[in-house]
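A quick write-up on the structure given underneath.
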Amino acid sequence: MPIPGTPTPSRDELIDHLVRTRIAGDVATPRENNLSHYRALANGDRYYWFGLEFGDRWADEQDVLAVMAERVGVDDDPAHRVGQDTIDPELTVSGLERMAARLRKAAEDRQRVLLATGHPGGLLDVHRATAAALRAAGCEVMVIPEDLGTVEGRVVQFADVAVVERGASLWHTHSGEPMRAILFALGEDSRPLPDLVVADHGWAGAAAQHGVDAVGYADCNDPALFVAEAEGTLQVAVPLDDHVHSPRYYDPMTAYLLSEAGLYEG
């Protein structure tokens, strides 16, 4: 669960909180960084594809910008090149509500779920709380195979959340390779794949590309998951700043998500 005693905010209260903590609203990621990432995706830089395959469908960065304006709330003016950019908090909350609907289905059907993060400094506890709530509702929180690794480090589970560990530290990664390693190993062990992946970064993208139901969080400089949602490959992409000043700022958001899913009363 979220930190004990975290009250569930109303929708309006959550929007105020998101703006105040800069999870949404005027976020810290500058406009020039956003545009450079949109350009990199359009230019075919797979680092920014997050384990997805886009072919040449998004070769125009203006098309990527249009998706990000629609689904994230960044400024849609291509002439705005530097300075402040935004995430629309209404879109953040709407994304949380769509994610909650998929979590509710997972709980009702007692599905197999896998949670993972490439942003452990910000989102680890969001995923941990989600895993705990789903397990309490009767879901199987999957245990990943052992002895997995990528060029970035070991693929392990920490607090029920798959992460990359390197040099005794949890590692920030955009790569889809860790999720591909898990899915391949499950197949090699003749174990079923998850019914649902709840993740971010390449963990979510690679799962969706593999055909697994996936929902995830993404920042305004991470266009791949929103493009995948627009194409119907990823089920839900929630826009937010994925590493704000304190991980505790995400607690009201987590309480709202789990409450909407019928998994938390606070």
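Ligands are numbered from 1 in the order shown, residues from 1 within each chain, and chains are lettered A, B, ... in the order they appear in the structure tokens.
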- Message: Please list as a list in words every residue within 8 Å of Met99 in chain A, counting only C-alpha atoms and excluding residues in the same chain fewer than 3 positions away.
- Response: Gly95, Leu96, Arg102, Leu103, Val215, Val236, Val238 and Leu257 of chain A
- Task: For His245 in chain A, please output as an MDAnalysis selection string all residues within 9 Å (counting only C-alpha atoms; exclusion window: fewer than 3 positions along the same chain).
- Result: chainID A and resid 21:22 122 248:249
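Atom pair CA of Asp213 in chain A / CA of Val64 in chain A: separated by 23.0 Å.
Nearest residue to Pro223 in chain A among A:Asn34, A:Thr130, A:Ser94, A:Thr8 is A:Asn34, counting only C-alpha atoms.
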- Extract, using only C-alpha atoms, all DNA, RNA and protein residues at most 9 Å from Arg154 in chain A, discarding same-chain residues fewer than 6 positions from it, and format them as a list of chain:residue names. A:Asp147, A:Leu148, A:Val163, A:Val164, A:Glu165, A:Arg166, A:Pro178
| message | Need the shell around Leu193 in chain A: protein/DNA/RNA residues with any atom at most 9 Å away, counting only C-alpha atoms. Skip same-chain ones fewer than 6 positions apart. Format as a ChimeraX atom specification? | response | /A:112-113,183,186-187,212
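Interatomic distance, CA of Met142 in chain A to CA of Gly266 in chain A: 26.3 Å.
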